[in-house]
Amino acid sequence: MKILWTFDPFEKNVELHKIGKNICSHLFGSKDQVKVVYVASNTETMLATAYNIPEKKRYSEYPRKLIKEQLKNLAIKVSSVDVLFERTISLTSIVKKVVVFTQLNETDIVIIASNSKKDLPHFIFGSFAETFVHLAICDLLIYHQKSQFHSQAPQNIVYAHDFTPKGFLGLERIIEYAKKWKSFLTIVHVPVPVAGVELHEFKKRIQKQALKIEKILEKQKIKGKIYLEYEVKPIAETLLDISVKTNADFISVTAQTKKLATLLGGSITRQVLRESKLPTIVLKV
């Protein structure tokens, strides 16, 4: 598996780097390839104002040196450290730079630390992680400073399944992760009534889909359980409640690549990323 860790050498919260290091160390083995990437740009004040450093080094050698020193302090070895340069103040342009890099390197999953700066207006400056969710073409593993990671492969992964074809594509992918980490898979579905369909027929359809999933898990030799939650409340809230109830280690949701404008509206993925205390795997389908 090819993993890309987006590493910010100017991040003052050391705990974020420690969590990222533990994720890389305990989820991926010797057969996996972990690369580190950072986009040097004018958005980083420490770089834009480092006039005592020649510009060519300022946006390449200097941040690379800092990253290697911090990786050494974290006692973790990676396959490579890549510093990309983008002369911009646009968060979207920076994310697109990394997305192109994932394409060129055939990346399977990107590890991202989410750390929204509370002293800056979120709706103006945006979030690197949330922007990445909308533009990425590969899976993402997102965590923040309050994420509870137990320094081991996840024993239980909660997956939100909407019973759509995209949801089943996501199921195939999360099963591969469950196999890799030998995890129990808790599948959560919140049935949404369909207009014009009687309740009896609707529940019959839901049970048919649940049975289909059970057969898939059995065929793939994955231990798991399906939760059908008919209680009326926000889906993200239901997902978070069950993750606590089942003592989950990770939450997994699917997300499609959409226009950035969708960030202005709410979404289940967005709510989970902001409210969950667990690392979240976003499956791009």
# chains A, B, ... in the order shown; residues from 1 in each chain; ligands from 1

$ residues_around --residues "His161 in chain A" --least-positions-apart "5" --cutoff "9 Å" --atoms "only C-alpha atoms" --output "ChimeraX atom specification"
/A:166-168,170-171,187-190,253-254

$ write_last_selection --atoms "C-alpha atoms" --output "PDB file, in the first residue's frame"
ATOM      1  CA  LYS A 166     -21.736   4.048  -3.943  1.00  0.00           C
ATOM      2  CA  GLY A 167     -22.209   2.740  -0.437  1.00  0.00           C
ATOM      3  CA  PHE A 168     -21.482  -0.799  -1.621  1.00  0.00           C
ATOM      4  CA  GLY A 170     -17.260   1.942  -0.105  1.00  0.00           C
ATOM      5  CA  LEU A 171     -18.051  -1.353   1.634  1.00  0.00           C
ATOM      6  CA  ILE A 187     -22.017  -1.292   9.690  1.00  0.00           C
ATOM      7  CA  VAL A 188     -24.508   1.464  10.446  1.00  0.00           C
ATOM      8  CA  HIS A 189     -27.508   2.261   8.268  1.00  0.00           C
ATOM      9  CA  VAL A 190     -30.158   4.882   8.984  1.00  0.00           C
ATOM     10  CA  VAL A 253     -17.660   7.320   5.623  1.00  0.00           C
ATOM     11  CA  THR A 254     -17.862   7.687   1.846  1.00  0.00           C
TER      12      THR A 254
END

$ residues_around --residues "Asn105 in chain A" --least-positions-apart "4" --cutoff "10 Å" --atoms "only C-alpha atoms" --output "PDB file with N, CA and C atoms, in the first residue's frame"
ATOM      1  N   LYS A   2       0.462   2.264  -0.772  1.00  0.00           N
ATOM      2  CA  LYS A   2       1.213   3.516  -0.843  1.00  0.00           C
ATOM      3  C   LYS A   2       0.501   4.593  -0.021  1.00  0.00           C
ATOM      4  N   ILE A   3       1.204   5.096   0.981  1.00  0.00           N
ATOM      5  CA  ILE A   3       0.627   6.062   1.918  1.00  0.00           C
ATOM      6  C   ILE A   3       1.335   7.393   1.784  1.00  0.00           C
ATOM      7  N   LEU A   4       0.574   8.472   1.814  1.00  0.00           N
ATOM      8  CA  LEU A   4       1.148   9.816   1.765  1.00  0.00           C
ATOM      9  C   LEU A   4       0.750  10.562   3.029  1.00  0.00           C
ATOM     10  N   LYS A  35       5.263   7.938   2.319  1.00  0.00           N
ATOM     11  CA  LYS A  35       5.960   9.136   1.860  1.00  0.00           C
ATOM     12  C   LYS A  35       5.421  10.355   2.607  1.00  0.00           C
ATOM     13  N   VAL A  99      -3.080  16.780  -4.571  1.00  0.00           N
ATOM     14  CA  VAL A  99      -3.927  15.818  -5.282  1.00  0.00           C
ATOM     15  C   VAL A  99      -3.221  15.317  -6.546  1.00  0.00           C
ATOM     16  N   VAL A 100      -2.603  16.233  -7.289  1.00  0.00           N
ATOM     17  CA  VAL A 100      -1.853  15.847  -8.490  1.00  0.00           C
ATOM     18  C   VAL A 100      -0.704  14.923  -8.103  1.00  0.00           C
ATOM     19  N   PHE A 101      -0.059  15.233  -6.984  1.00  0.00           N
ATOM     20  CA  PHE A 101       1.053  14.408  -6.494  1.00  0.00           C
ATOM     21  C   PHE A 101       0.567  12.991  -6.173  1.00  0.00           C
TER      22      PHE A 101
END

$ residues_around --residues "Ala255 in chain A" --least-positions-apart "6" --cutoff "12 Å" --atoms "only C-alpha atoms" --output "ChimeraX atom specification"
/A:130,132-140,160-162,166-167,169-170,262,267-270,272-273,280-285

$ residues_around --residues "His150 in chain A" --least-positions-apart "2" --cutoff "10 Å" --atoms "only C-alpha atoms" --output "JSON list (two decimals) with N, CA and C atoms, in the first residue's frame"
[["chain", "number", "residue", "atom", "x", "y", "z"],
["A", 19, "ILE", "N", 0.61, 11.84, 16.85],
["A", 19, "ILE", "CA", -0.51, 10.97, 16.47],
["A", 19, "ILE", "C", -0.28, 10.43, 15.06],
["A", 22, "ASN", "N", 2.27, 7.70, 15.15],
["A", 22, "ASN", "CA", 1.72, 6.45, 15.68],
["A", 22, "ASN", "C", 0.82, 5.75, 14.67],
["A", 23, "ILE", "N", 0.06, 6.54, 13.91],
["A", 23, "ILE", "CA", -0.80, 5.96, 12.88],
["A", 23, "ILE", "C", 0.05, 5.26, 11.83],
["A", 26, "HIS", "N", 1.76, 2.02, 13.43],
["A", 26, "HIS", "CA", 0.95, 0.89, 13.89],
["A", 26, "HIS", "C", -0.07, 0.39, 12.86],
["A", 147, "SER", "N", -8.07, 13.36, 18.71],
["A", 147, "SER", "CA", -8.34, 12.00, 18.25],
["A", 147, "SER", "C", -7.78, 10.96, 19.22],
["A", 148, "GLN", "N", -8.58, 9.95, 19.48],
["A", 148, "GLN", "CA", -8.17, 8.89, 20.40],
["A", 148, "GLN", "C", -7.63, 7.72, 19.58],
["A", 152, "GLN", "N", -2.43, 0.98, 18.12],
["A", 152, "GLN", "CA", -2.60, -0.39, 17.63],
["A", 152, "GLN", "C", -3.55, -0.35, 16.44],
["A", 153, "ALA", "N", -3.53, -1.40, 15.66],
["A", 153, "ALA", "CA", -4.47, -1.47, 14.55],
["A", 153, "ALA", "C", -5.89, -1.47, 15.10],
["A", 154, "PRO", "N", -6.84, -0.82, 14.42],
["A", 154, "PRO", "CA", -8.21, -0.74, 14.94],
["A", 154, "PRO", "C", -8.88, -2.10, 15.07],
["A", 249, "ASP", "N", -12.82, 2.12, 17.14],
["A", 249, "ASP", "CA", -11.50, 2.74, 17.06],
["A", 249, "ASP", "C", -11.43, 3.74, 15.91]]

$ select_by_dssp --residues "range 22-173 of chain A" --states "alpha helix (DSSP H)" --output "PyMOL selection string"
chain A and resi 22-27+45-48+55-58+61-73+91-104+122-125+128-135+165-173

$ select_by_dssp --residues "range 65-122 of chain A" --states "strand (DSSP E)" --output "list in words"
Ser80, Val81, Asp82, Val83, Leu84, Phe85, Glu86, Ile109, Val110, Ile111, Ile112, Ala113 and Ser114 of chain A

$ write_last_selection --atoms "N, CA and C atoms" --output "CSV table (one decimal), in the first residue's frame"
chain,number,residue,atom,x,y,z
A,80,SER,N,10.4,8.7,1.6
A,80,SER,CA,10.9,9.9,1.0
A,80,SER,C,10.2,11.1,1.6
A,81,VAL,N,10.9,12.3,1.5
A,81,VAL,CA,10.3,13.6,1.9
A,81,VAL,C,10.3,14.5,0.7
A,82,ASP,N,9.1,14.8,0.2
A,82,ASP,CA,8.9,15.7,-0.9
A,82,ASP,C,8.4,17.1,-0.6
A,83,VAL,N,9.1,18.1,-1.0
A,83,VAL,CA,8.6,19.5,-0.8
A,83,VAL,C,8.2,20.0,-2.1
A,84,LEU,N,6.9,20.4,-2.3
A,84,LEU,CA,6.4,20.9,-3.5
A,84,LEU,C,6.3,22.4,-3.4
A,85,PHE,N,6.4,23.2,-4.4
A,85,PHE,CA,6.4,24.6,-4.3
A,85,PHE,C,5.2,25.1,-5.1
A,86,GLU,N,4.4,26.0,-4.5
A,86,GLU,CA,3.3,26.6,-5.2
A,86,GLU,C,3.2,28.1,-4.8
A,109,ILE,N,-3.8,6.0,0.1
A,109,ILE,CA,-4.5,6.8,1.1
A,109,ILE,C,-3.6,7.9,1.6
A,110,VAL,N,-4.2,9.0,2.0
A,110,VAL,CA,-3.5,10.2,2.4
A,110,VAL,C,-3.8,10.4,3.9
A,111,ILE,N,-2.8,10.6,4.7
A,111,ILE,CA,-3.0,10.9,6.2
A,111,ILE,C,-2.9,12.4,6.4
A,112,ILE,N,-3.9,12.9,7.0
A,112,ILE,CA,-4.1,14.4,7.1
A,112,ILE,C,-4.4,14.8,8.6
A,113,ALA,N,-3.7,15.7,9.1
A,113,ALA,CA,-4.0,16.3,10.4
A,113,ALA,C,-4.9,17.5,10.2
A,114,SER,N,-6.1,17.5,10.9
A,114,SER,CA,-7.0,18.6,10.8
A,114,SER,C,-6.8,19.4,12.1

$ residues_around --residues "Glu176 in chain A" --least-positions-apart "3" --cutoff "12 Å" --atoms "only C-alpha atoms" --output "list in words"
Met1, Asp108, Ile157, Leu169, Gly170, Leu171, Glu172, Arg173, Lys179, Lys180, Trp181, Lys182, Ser183, Phe184, Leu185, Leu217, Gln220, Lys221, Ile222 and Leu283 of chain A
